[in-house]
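Please read the structure below before turning to the comments.
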Amino acid sequence: MNFRSLFSLFSSDLAIDLGTANTLVYARGKGIVVNEPSIVAINKTTGDVEAVGKEAKEMLGRTPGNIVAIRPMKDGVIADFKVTERMLNYFIQKAHGRKMLVHPRIVIGVPCEITQVEKRAVIDSAYRAKASEVYLVEQAMVAAIGAGLPITQACGNMIVDIGGGTTDVAVISLSGIVYSRSVRVAGNEMDDAIMQYLKRKYNLLIGERTAEQIKIQIGSAYPLDRPLTMEIKGRNLIEGVPKTITIDDSEIREALSECVATIMNAIRVAL
Ligand SMILES: Nc1ncnc2c1ncn2[C@@H]1O[C@H](COP(=O)(O)OP(=O)(O)OP(=O)(O)O)[C@@H](O)[C@H]1O
Ligand SMILES: [Mg+2]
């Protein structure tokens with residue numbers, strides 16, 4: 001037994017869902033111990049990490065000039081290796097109550113269409129964050145298990161996971177993935193579409209966080225029984241002044257229609 005695995009005897013095993021939008025860490029015997037946005041705030045002058053997760057998200061869009069908030073994961077894969085590593089390190093330490101000398105065994109869920117190079121990057125990041133053993137599993141498979149689908153049976157189970165960066169469509173049968181496809185259109189793209197729409201239609205500039213709130217509060221793919229409206233604040237691009245307008249669900253449906261069509265198409269292709 002080497003030193004690393006000796007250390008692992010004293011630390012609980014972890015399972016990590018390293019998402020574009022949110023990272024979740026599950027510790028054996030404890031449940032989900034971390035559920036925070038995948039965001040890191042870095043001080044450009046010193047290069048120091050100022051905040052990670054929830055705290056860093058608060059800084060997004062309102063950070064002073066020398067602090068940048070980075071989303072190190074893009075489209076479900078690692079876009080910034082160094083920052084991802086620091087984020088993983090922080091979350092792993094947090095999961096262990098900041099005990100030193102922990103070398104947990106870690107299972108990490110990755111998207112189906114991730115390349116070998118990207119897989120290697122995830123594995124290396126976890127090892128550098130002091131894991132003793134690292135295993136990658138397909139996110140679609142664990143999502144299906146989590147949702148309680150009868151994946152071991154000889155029938156087809158379809159799973160559609162709309163995340164922040166990617167929408168993954170997979171068909172699972174007899175414990176294996178028989179079909180999988182990932183499109184890089186999901187929550188973030190929807191937020192973007194809402195921002196673009198309001199800019200086009202009302203010359204109104206809003207931030208990412210407001211766009212996400214609009215999506216969650218009044219966003220829909222199919223006409224609602226009862227209409228919803230929402231008051232939003234933004235900046236008028238022509239006059240350059242703050243402005244408040246009221247929008248309704250049909251407008252947001254229109255804004256989201258292209259994203260929804262792309263996702264529907266991916267599902268249709270799988271059927
Ligand atoms: N109630 C809601 N209605 C609509 N969208 C929501 C709601 N709650 C969260 N979201 C969106 O879901 C997305 C985050 O989903 P999730 O945490 O599954 O992503 P992720 O696993 O981090 O991303 P990925 O799987 O692409 O790596 C965000 O874009 C968020 O705005
Ligand atoms: Mg996900």
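Quick note on naming: the chains in the structure tokens go A, B, ... in the order shown, residues restart at 1 in each chain, and ligands are numbered from 1 in order of appearance.
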Contacts of stretch 65-78 of chain A within 8 Å, only C-alpha atoms, excl. fewer than 6 positions in-chain, as a PyMOL selection string: chain A and resi 19-21+38-45+50+56-57+59+84+110-111+114+118+121-122+164-166+184
Stretch 147-199 of chain A: residues DSSP assigns to strand (DSSP E or B), reported as a PyMOL selection string: chain A and resi 157-162+167-173+176-183
Using only C-alpha atoms: which of A:Leu198, A:Val178, A:Leu18, A:Leu24 has the shortest distance to A:Gly109: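 Checking each candidate against A:Gly109, we get A:Leu18 as the closest.
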Got a sec to tell me which of stretch 51-230 of chain A DSSP assigns to alpha helix (DSSP H), as a CSV table (one decimal) with N, CA, C and O atoms, in the first residue's frame?
```csv
chain,number,residue,atom,x,y,z
A,54,LYS,N,-20.5,30.4,-4.1
A,54,LYS,CA,-21.5,31.4,-3.8
A,54,LYS,C,-21.0,32.8,-3.7
A,54,LYS,O,-21.5,33.7,-4.3
A,55,GLU,N,-20.0,32.9,-2.9
A,55,GLU,CA,-19.4,34.3,-2.6
A,55,GLU,C,-18.9,34.9,-3.9
A,55,GLU,O,-19.1,36.1,-4.2
A,56,ALA,N,-18.3,34.1,-4.8
A,56,ALA,CA,-17.8,34.6,-6.1
A,56,ALA,C,-18.9,34.9,-7.0
A,56,ALA,O,-18.8,35.9,-7.8
A,57,LYS,N,-20.0,34.2,-6.9
A,57,LYS,CA,-21.2,34.5,-7.8
A,57,LYS,C,-21.7,35.9,-7.4
A,57,LYS,O,-22.1,36.7,-8.3
A,58,GLU,N,-21.8,36.2,-6.1
A,58,GLU,CA,-22.2,37.5,-5.7
A,58,GLU,C,-21.4,38.6,-6.3
A,58,GLU,O,-21.9,39.7,-6.6
A,59,MET,N,-20.2,38.3,-6.6
A,59,MET,CA,-19.3,39.3,-7.2
A,59,MET,C,-19.5,39.5,-8.7
A,59,MET,O,-19.1,40.5,-9.2
A,81,PHE,N,-7.8,25.3,-17.0
A,81,PHE,CA,-7.3,24.2,-16.1
A,81,PHE,C,-6.9,24.7,-14.7
A,81,PHE,O,-7.3,24.1,-13.7
A,82,LYS,N,-6.1,25.7,-14.7
A,82,LYS,CA,-5.5,26.2,-13.4
A,82,LYS,C,-6.6,26.6,-12.4
A,82,LYS,O,-6.6,26.2,-11.3
A,83,VAL,N,-7.6,27.4,-12.9
A,83,VAL,CA,-8.6,27.8,-12.1
A,83,VAL,C,-9.5,26.7,-11.6
A,83,VAL,O,-10.0,26.6,-10.5
A,84,THR,N,-9.8,25.7,-12.5
A,84,THR,CA,-10.6,24.6,-12.2
A,84,THR,C,-10.0,23.8,-11.0
A,84,THR,O,-10.6,23.4,-10.1
A,85,GLU,N,-8.6,23.7,-11.1
A,85,GLU,CA,-7.9,22.9,-10.1
A,85,GLU,C,-8.1,23.6,-8.8
A,85,GLU,O,-8.3,23.0,-7.7
A,86,ARG,N,-8.0,24.9,-8.8
A,86,ARG,CA,-8.1,25.7,-7.5
A,86,ARG,C,-9.5,25.5,-6.9
A,86,ARG,O,-9.7,25.5,-5.7
A,87,MET,N,-10.5,25.5,-7.9
A,87,MET,CA,-11.8,25.4,-7.4
A,87,MET,C,-12.1,24.0,-6.8
A,87,MET,O,-12.6,23.9,-5.7
A,88,LEU,N,-11.6,23.0,-7.5
A,88,LEU,CA,-11.7,21.6,-7.0
A,88,LEU,C,-11.1,21.5,-5.7
A,88,LEU,O,-11.7,20.9,-4.7
A,89,ASN,N,-9.9,22.0,-5.6
A,89,ASN,CA,-9.1,22.0,-4.3
A,89,ASN,C,-10.0,22.6,-3.2
A,89,ASN,O,-10.1,22.0,-2.1
A,90,TYR,N,-10.5,23.8,-3.5
A,90,TYR,CA,-11.3,24.5,-2.4
A,90,TYR,C,-12.5,23.6,-2.0
A,90,TYR,O,-12.8,23.4,-0.9
A,91,PHE,N,-13.2,23.1,-3.0
A,91,PHE,CA,-14.5,22.3,-2.7
A,91,PHE,C,-14.1,21.0,-2.0
A,91,PHE,O,-14.8,20.6,-1.1
A,92,ILE,N,-13.0,20.4,-2.4
A,92,ILE,CA,-12.6,19.1,-1.7
A,92,ILE,C,-12.2,19.4,-0.2
A,92,ILE,O,-12.7,18.7,0.7
A,93,GLN,N,-11.5,20.5,0.0
A,93,GLN,CA,-11.1,20.9,1.4
A,93,GLN,C,-12.4,21.2,2.2
A,93,GLN,O,-12.5,20.8,3.3
A,94,LYS,N,-13.3,21.9,1.5
A,94,LYS,CA,-14.6,22.3,2.2
A,94,LYS,C,-15.4,21.1,2.6
A,94,LYS,O,-16.0,21.0,3.6
A,95,ALA,N,-15.4,20.1,1.6
A,95,ALA,CA,-16.1,18.8,1.9
A,95,ALA,C,-15.6,18.1,3.1
A,95,ALA,O,-16.3,17.4,3.8
A,116,GLN,N,-10.5,12.8,-25.0
A,116,GLN,CA,-9.5,12.2,-24.2
A,116,GLN,C,-8.7,13.2,-23.4
A,116,GLN,O,-8.4,13.1,-22.3
A,117,VAL,N,-8.4,14.3,-24.2
A,117,VAL,CA,-7.6,15.4,-23.6
A,117,VAL,C,-8.3,16.0,-22.4
A,117,VAL,O,-7.7,16.3,-21.4
A,118,GLU,N,-9.6,16.2,-22.6
A,118,GLU,CA,-10.4,16.8,-21.6
A,118,GLU,C,-10.5,15.9,-20.4
A,118,GLU,O,-10.5,16.3,-19.2
A,119,LYS,N,-10.7,14.6,-20.6
A,119,LYS,CA,-10.8,13.6,-19.6
A,119,LYS,C,-9.5,13.7,-18.7
A,119,LYS,O,-9.5,13.7,-17.5
A,120,ARG,N,-8.3,13.7,-19.4
A,120,ARG,CA,-7.1,13.7,-18.8
A,120,ARG,C,-7.0,15.0,-17.9
A,120,ARG,O,-6.5,14.9,-16.8
A,121,ALA,N,-7.5,16.1,-18.4
A,121,ALA,CA,-7.4,17.4,-17.6
A,121,ALA,C,-8.2,17.3,-16.3
A,121,ALA,O,-7.8,17.7,-15.3
A,122,VAL,N,-9.4,16.6,-16.4
A,122,VAL,CA,-10.2,16.5,-15.2
A,122,VAL,C,-9.5,15.6,-14.2
A,122,VAL,O,-9.4,15.9,-13.0
A,123,ILE,N,-8.9,14.5,-14.7
A,123,ILE,CA,-8.2,13.5,-13.8
A,123,ILE,C,-7.0,14.2,-13.1
A,123,ILE,O,-6.8,14.1,-11.9
A,124,ASP,N,-6.2,14.9,-14.0
A,124,ASP,CA,-5.0,15.6,-13.4
A,124,ASP,C,-5.4,16.6,-12.4
A,124,ASP,O,-4.7,16.7,-11.3
A,125,SER,N,-6.5,17.4,-12.7
A,125,SER,CA,-6.9,18.4,-11.7
A,125,SER,C,-7.2,17.8,-10.4
A,125,SER,O,-6.9,18.3,-9.3
A,126,ALA,N,-8.0,16.6,-10.4
A,126,ALA,CA,-8.4,16.0,-9.2
A,126,ALA,C,-7.2,15.4,-8.4
A,126,ALA,O,-7.1,15.5,-7.2
A,127,TYR,N,-6.2,14.9,-9.1
A,127,TYR,CA,-5.0,14.4,-8.5
A,127,TYR,C,-4.2,15.5,-7.8
A,127,TYR,O,-3.7,15.4,-6.7
A,128,ARG,N,-4.1,16.6,-8.6
A,128,ARG,CA,-3.4,17.7,-8.0
A,128,ARG,C,-4.1,18.4,-6.8
A,128,ARG,O,-3.5,19.0,-6.0
A,139,GLN,N,-22.0,11.2,-17.0
A,139,GLN,CA,-23.0,11.9,-16.3
A,139,GLN,C,-24.4,11.4,-16.5
A,139,GLN,O,-25.3,11.3,-15.7
A,140,ALA,N,-24.7,11.0,-17.8
A,140,ALA,CA,-26.0,10.4,-18.2
A,140,ALA,C,-26.3,9.2,-17.4
A,140,ALA,O,-27.5,9.0,-16.9
A,141,MET,N,-25.3,8.4,-17.1
A,141,MET,CA,-25.6,7.1,-16.4
A,141,MET,C,-25.9,7.4,-14.9
A,141,MET,O,-26.9,6.9,-14.4
A,142,VAL,N,-25.2,8.3,-14.3
A,142,VAL,CA,-25.4,8.6,-12.9
A,142,VAL,C,-26.7,9.4,-12.8
A,142,VAL,O,-27.5,9.2,-11.8
A,143,ALA,N,-27.1,10.2,-13.8
A,143,ALA,CA,-28.3,11.0,-13.7
A,143,ALA,C,-29.5,10.0,-13.8
A,143,ALA,O,-30.5,10.1,-13.1
A,144,ALA,N,-29.3,9.0,-14.6
A,144,ALA,CA,-30.4,7.9,-14.8
A,144,ALA,C,-30.6,7.2,-13.5
A,144,ALA,O,-31.7,6.9,-13.0
A,145,ILE,N,-29.4,6.8,-12.8
A,145,ILE,CA,-29.5,6.1,-11.6
A,145,ILE,C,-30.2,7.0,-10.5
A,145,ILE,O,-31.1,6.6,-9.8
A,146,GLY,N,-29.8,8.3,-10.5
A,146,GLY,CA,-30.3,9.2,-9.5
A,146,GLY,C,-31.8,9.4,-9.7
A,146,GLY,O,-32.5,9.6,-8.7
A,187,GLY,N,-28.9,26.1,-20.2
A,187,GLY,CA,-29.2,27.2,-19.4
A,187,GLY,C,-28.5,28.5,-19.7
A,187,GLY,O,-29.2,29.6,-19.9
A,188,ASN,N,-27.2,28.5,-19.9
A,188,ASN,CA,-26.4,29.7,-20.1
A,188,ASN,C,-26.9,30.4,-21.4
A,188,ASN,O,-27.0,31.6,-21.5
A,189,GLU,N,-27.0,29.5,-22.5
A,189,GLU,CA,-27.4,30.0,-23.8
A,189,GLU,C,-28.8,30.6,-23.7
A,189,GLU,O,-29.1,31.6,-24.4
A,190,MET,N,-29.7,30.1,-22.8
A,190,MET,CA,-31.0,30.7,-22.7
A,190,MET,C,-30.9,32.1,-22.0
A,190,MET,O,-31.6,33.0,-22.5
A,191,ASP,N,-30.0,32.2,-21.0
A,191,ASP,CA,-29.8,33.5,-20.4
A,191,ASP,C,-29.4,34.5,-21.4
A,191,ASP,O,-29.8,35.6,-21.5
A,192,ASP,N,-28.4,34.0,-22.3
A,192,ASP,CA,-27.9,34.9,-23.3
A,192,ASP,C,-29.0,35.3,-24.3
A,192,ASP,O,-29.0,36.5,-24.7
A,193,ALA,N,-29.8,34.4,-24.7
A,193,ALA,CA,-30.9,34.6,-25.6
A,193,ALA,C,-31.9,35.7,-25.1
A,193,ALA,O,-32.3,36.6,-25.8
A,194,ILE,N,-32.1,35.6,-23.7
A,194,ILE,CA,-33.0,36.6,-23.1
A,194,ILE,C,-32.3,38.0,-23.1
A,194,ILE,O,-33.0,39.0,-23.4
A,195,MET,N,-31.0,38.0,-22.8
A,195,MET,CA,-30.3,39.3,-22.9
A,195,MET,C,-30.4,39.9,-24.3
A,195,MET,O,-30.6,41.1,-24.4
A,196,GLN,N,-30.1,39.1,-25.3
A,196,GLN,CA,-30.1,39.6,-26.7
A,196,GLN,C,-31.5,40.1,-27.1
A,196,GLN,O,-31.6,41.1,-27.7
A,197,TYR,N,-32.5,39.3,-26.7
A,197,TYR,CA,-33.9,39.7,-27.0
A,197,TYR,C,-34.3,41.1,-26.5
A,197,TYR,O,-34.8,41.9,-27.2
A,198,LEU,N,-33.9,41.3,-25.2
A,198,LEU,CA,-34.3,42.6,-24.6
A,198,LEU,C,-33.5,43.7,-25.1
A,198,LEU,O,-34.0,44.9,-25.2
A,199,LYS,N,-32.3,43.4,-25.6
A,199,LYS,CA,-31.5,44.4,-26.2
A,199,LYS,C,-32.1,44.8,-27.5
A,199,LYS,O,-32.2,46.0,-27.9
A,200,ARG,N,-32.5,43.8,-28.3
A,200,ARG,CA,-33.0,44.0,-29.6
A,200,ARG,C,-34.4,44.8,-29.6
A,200,ARG,O,-34.6,45.7,-30.2
A,201,LYS,N,-35.2,44.3,-28.7
A,201,LYS,CA,-36.6,44.8,-28.7
A,201,LYS,C,-36.8,46.1,-27.9
A,201,LYS,O,-37.5,46.9,-28.3
A,202,TYR,N,-36.1,46.2,-26.8
A,202,TYR,CA,-36.3,47.4,-25.9
A,202,TYR,C,-35.0,48.2,-25.7
A,202,TYR,O,-35.0,49.2,-25.0
A,208,GLU,N,-26.3,39.1,-16.5
A,208,GLU,CA,-26.5,37.7,-16.6
A,208,GLU,C,-27.4,37.2,-15.5
A,208,GLU,O,-28.2,36.3,-15.7
A,209,ARG,N,-27.2,37.8,-14.3
A,209,ARG,CA,-28.0,37.3,-13.1
A,209,ARG,C,-29.5,37.6,-13.3
A,209,ARG,O,-30.4,36.8,-13.0
A,210,THR,N,-29.7,38.8,-13.9
A,210,THR,CA,-31.1,39.2,-14.1
A,210,THR,C,-31.7,38.3,-15.2
A,210,THR,O,-32.9,37.8,-15.0
A,211,ALA,N,-31.0,38.0,-16.2
A,211,ALA,CA,-31.5,37.1,-17.3
A,211,ALA,C,-31.8,35.8,-16.7
A,211,ALA,O,-32.9,35.2,-17.0
A,212,GLU,N,-31.0,35.3,-15.8
A,212,GLU,CA,-31.3,34.0,-15.2
A,212,GLU,C,-32.6,34.0,-14.4
A,212,GLU,O,-33.4,33.1,-14.4
A,213,GLN,N,-32.7,35.1,-13.6
A,213,GLN,CA,-33.9,35.3,-12.8
A,213,GLN,C,-35.2,35.3,-13.6
A,213,GLN,O,-36.2,34.7,-13.3
A,214,ILE,N,-35.1,36.0,-14.8
A,214,ILE,CA,-36.2,36.1,-15.7
A,214,ILE,C,-36.6,34.7,-16.2
A,214,ILE,O,-37.8,34.2,-16.2
A,215,LYS,N,-35.6,33.9,-16.6
A,215,LYS,CA,-35.8,32.6,-17.1
A,215,LYS,C,-36.5,31.7,-16.1
A,215,LYS,O,-37.4,31.0,-16.4
A,216,ILE,N,-35.9,31.7,-14.9
A,216,ILE,CA,-36.5,30.9,-13.8
A,216,ILE,C,-37.9,31.3,-13.4
A,216,ILE,O,-38.8,30.5,-13.2
A,217,GLN,N,-38.1,32.6,-13.4
A,217,GLN,CA,-39.4,33.1,-12.9
A,217,GLN,C,-40.5,33.0,-13.9
A,217,GLN,O,-41.6,32.5,-13.6
A,218,ILE,N,-40.2,33.4,-15.2
A,218,ILE,CA,-41.4,33.4,-16.1
A,218,ILE,C,-41.0,32.7,-17.4
A,218,ILE,O,-41.8,32.7,-18.4
```
Given only C-alpha atoms as the counted atoms, nearest of A:Gly207, A:Gly163, A:Pro150, A:Pro37 to A:Ser182: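 Of the candidates, the smallest distance to A:Ser182 is held by A:Gly163.
Counting only C-alpha atoms and all ligand atoms and comparing A:Glu113, A:Glu133, A:Glu231, A:Asp17, the residue that lies closest to ligand 2 is A:Asp17.
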Counting only C-alpha atoms and all ligand atoms, the option among A:Ala186, A:Ile245, A:Val171, A:Leu60 closest to ligand 1: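 Result for the nearest residue to ligand 1: A:Ala186.
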Nearest residue to ligand 2 from the set A:Val160, A:Leu256, A:Leu224, A:Ala270 (distances using only C-alpha atoms and all ligand atoms): A:Val160
Find the residues around A:Gly219 up to 9 Å (only C-alpha atoms counted), leave out those fewer than 6 positions away in its own chain, and share them as a JSON list (two decimals) with N, CA, C and O atoms, in the first residue's frame.
```
[["chain", "number", "residue", "atom", "x", "y", "z"],
["A", 249, "ASP", "N", -44.58, 36.37, -20.15],
["A", 249, "ASP", "CA", -44.05, 35.04, -20.47],
["A", 249, "ASP", "C", -43.98, 34.77, -21.98],
["A", 249, "ASP", "O", -43.09, 34.07, -22.44],
["A", 250, "SER", "N", -44.92, 35.37, -22.77],
["A", 250, "SER", "CA", -44.91, 35.07, -24.21],
["A", 250, "SER", "C", -43.64, 35.66, -24.86],
["A", 250, "SER", "O", -43.08, 35.07, -25.78],
["A", 252, "ILE", "N", -40.72, 36.01, -23.40],
["A", 252, "ILE", "CA", -39.58, 35.17, -23.02],
["A", 252, "ILE", "C", -39.63, 33.83, -23.78],
["A", 252, "ILE", "O", -38.60, 33.28, -24.16],
["A", 253, "ARG", "N", -40.86, 33.36, -24.03],
["A", 253, "ARG", "CA", -40.99, 32.14, -24.83],
["A", 253, "ARG", "C", -40.41, 32.37, -26.23],
["A", 253, "ARG", "O", -39.74, 31.52, -26.79],
["A", 256, "LEU", "N", -36.71, 32.40, -26.07],
["A", 256, "LEU", "CA", -36.12, 31.07, -25.84],
["A", 256, "LEU", "C", -36.40, 30.09, -26.96],
["A", 256, "LEU", "O", -35.88, 28.96, -26.94]]
```
I'd like the contact shell of A:Val241 - 12 Å cut-off, only C-alpha atoms, skipping same-chain residues fewer than 4 positions apart - returned as a PDB file with all heavy atoms, in the first residue's frame.
```pdb
ATOM      1  N   ASN A 203     -33.925  47.869 -26.434  1.00  0.00           N
ATOM      2  CA  ASN A 203     -32.651  48.556 -26.218  1.00  0.00           C
ATOM      3  C   ASN A 203     -32.259  48.541 -24.741  1.00  0.00           C
ATOM      4  O   ASN A 203     -31.670  49.485 -24.232  1.00  0.00           O
ATOM      5  CB  ASN A 203     -32.714  50.005 -26.683  1.00  0.00           C
ATOM      6  CG  ASN A 203     -32.544  50.097 -28.182  1.00  0.00           C
ATOM      7  OD1 ASN A 203     -31.617  49.507 -28.728  1.00  0.00           O
ATOM      8  ND2 ASN A 203     -33.457  50.784 -28.834  1.00  0.00           N
ATOM      9  N   LEU A 204     -32.619  47.466 -24.072  1.00  0.00           N
ATOM     10  CA  LEU A 204     -32.378  47.388 -22.634  1.00  0.00           C
ATOM     11  C   LEU A 204     -31.232  46.421 -22.338  1.00  0.00           C
ATOM     12  O   LEU A 204     -31.227  45.281 -22.810  1.00  0.00           O
ATOM     13  CB  LEU A 204     -33.650  46.917 -21.923  1.00  0.00           C
ATOM     14  CG  LEU A 204     -33.619  47.054 -20.413  1.00  0.00           C
ATOM     15  CD1 LEU A 204     -33.869  48.502 -20.011  1.00  0.00           C
ATOM     16  CD2 LEU A 204     -34.662  46.147 -19.764  1.00  0.00           C
ATOM     17  N   LEU A 205     -30.279  46.919 -21.578  1.00  0.00           N
ATOM     18  CA  LEU A 205     -29.145  46.072 -21.218  1.00  0.00           C
ATOM     19  C   LEU A 205     -29.347  45.514 -19.813  1.00  0.00           C
ATOM     20  O   LEU A 205     -29.531  46.281 -18.869  1.00  0.00           O
ATOM     21  CB  LEU A 205     -27.864  46.912 -21.275  1.00  0.00           C
ATOM     22  CG  LEU A 205     -26.561  46.138 -21.285  1.00  0.00           C
ATOM     23  CD1 LEU A 205     -26.382  45.425 -22.612  1.00  0.00           C
ATOM     24  CD2 LEU A 205     -25.387  47.079 -21.045  1.00  0.00           C
ATOM     25  N   LYS A 233     -35.312  45.584 -14.214  1.00  0.00           N
ATOM     26  CA  LYS A 233     -34.526  46.816 -14.268  1.00  0.00           C
ATOM     27  C   LYS A 233     -33.322  46.593 -15.160  1.00  0.00           C
ATOM     28  O   LYS A 233     -32.705  45.535 -15.124  1.00  0.00           O
ATOM     29  CB  LYS A 233     -34.028  47.172 -12.865  1.00  0.00           C
ATOM     30  CG  LYS A 233     -35.099  47.643 -11.922  1.00  0.00           C
ATOM     31  CD  LYS A 233     -34.439  48.328 -10.721  1.00  0.00           C
ATOM     32  CE  LYS A 233     -35.474  48.658  -9.654  1.00  0.00           C
ATOM     33  NZ  LYS A 233     -35.714  47.519  -8.750  1.00  0.00           N
ATOM     34  N   GLY A 234     -33.027  47.600 -15.974  1.00  0.00           N
ATOM     35  CA  GLY A 234     -31.849  47.505 -16.828  1.00  0.00           C
ATOM     36  C   GLY A 234     -31.367  48.893 -17.176  1.00  0.00           C
ATOM     37  O   GLY A 234     -31.790  49.878 -16.573  1.00  0.00           O
ATOM     38  N   ARG A 235     -30.493  48.939 -18.175  1.00  0.00           N
ATOM     39  CA  ARG A 235     -29.995  50.244 -18.589  1.00  0.00           C
ATOM     40  C   ARG A 235     -30.381  50.469 -20.040  1.00  0.00           C
ATOM     41  O   ARG A 235     -30.141  49.608 -20.890  1.00  0.00           O
ATOM     42  CB  ARG A 235     -28.473  50.287 -18.440  1.00  0.00           C
ATOM     43  CG  ARG A 235     -27.895  51.682 -18.682  1.00  0.00           C
ATOM     44  CD  ARG A 235     -26.491  51.777 -18.109  1.00  0.00           C
ATOM     45  NE  ARG A 235     -25.556  50.849 -18.744  1.00  0.00           N
ATOM     46  CZ  ARG A 235     -24.913  51.134 -19.871  1.00  0.00           C
ATOM     47  NH1 ARG A 235     -25.091  52.285 -20.472  1.00  0.00           N
ATOM     48  NH2 ARG A 235     -24.086  50.261 -20.385  1.00  0.00           N
ATOM     49  N   ASN A 236     -31.029  51.597 -20.298  1.00  0.00           N
ATOM     50  CA  ASN A 236     -31.413  51.906 -21.665  1.00  0.00           C
ATOM     51  C   ASN A 236     -30.167  52.300 -22.456  1.00  0.00           C
ATOM     52  O   ASN A 236     -29.433  53.197 -22.071  1.00  0.00           O
ATOM     53  CB  ASN A 236     -32.443  53.039 -21.698  1.00  0.00           C
ATOM     54  CG  ASN A 236     -32.924  53.281 -23.106  1.00  0.00           C
ATOM     55  OD1 ASN A 236     -32.187  53.766 -23.960  1.00  0.00           O
ATOM     56  ND2 ASN A 236     -34.170  52.937 -23.355  1.00  0.00           N
ATOM     57  N   LEU A 237     -29.963  51.596 -23.572  1.00  0.00           N
ATOM     58  CA  LEU A 237     -28.720  51.784 -24.320  1.00  0.00           C
ATOM     59  C   LEU A 237     -28.651  53.099 -25.074  1.00  0.00           C
ATOM     60  O   LEU A 237     -27.577  53.604 -25.362  1.00  0.00           O
ATOM     61  CB  LEU A 237     -28.547  50.629 -25.312  1.00  0.00           C
ATOM     62  CG  LEU A 237     -27.997  49.347 -24.699  1.00  0.00           C
ATOM     63  CD1 LEU A 237     -28.097  48.218 -25.679  1.00  0.00           C
ATOM     64  CD2 LEU A 237     -26.558  49.556 -24.257  1.00  0.00           C
TER      65      LEU A 237
END
```
8 Å contact set for A:Arg181, only C-alpha atoms, chain neighbours under 2 positions out, as a list of chain:residue names: A:Cys112, A:Glu113, A:Asp168, A:Val169, A:Ala170, A:Tyr179, A:Val183, A:Ala266, A:Ala270
Interatomic distance, atom CA of A:Ile263 to atom CA of A:Leu228 (Å, one decimal):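 The value is 23.5 Å.
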All residues 9 Å or closer to A:Ala154, only C-alpha atoms, same chain fewer than 5 positions away omitted, as a ChimeraX atom specification: /A:173-175
For atom 18 (O, counted along the ligand's line) of ligand 1 and atom CA of A:Arg226, the interatomic separation in Å (one decimal):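 According to the coordinates, atom 18 (O, counted along the ligand's line) of ligand 1 and atom CA of A:Arg226 are separated by 26.8 Å.
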Two-atom distance - atom CA of A:Leu149, atom CA of A:Ile172 (Å):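 Distance between the two atoms: 9.3 Å.
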Of the listed residues A:Met158, A:Gly53, A:Lys130, A:Thr167, that which approaches A:Met264 most closely, counting only C-alpha atoms: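 Closest candidate: A:Thr167.
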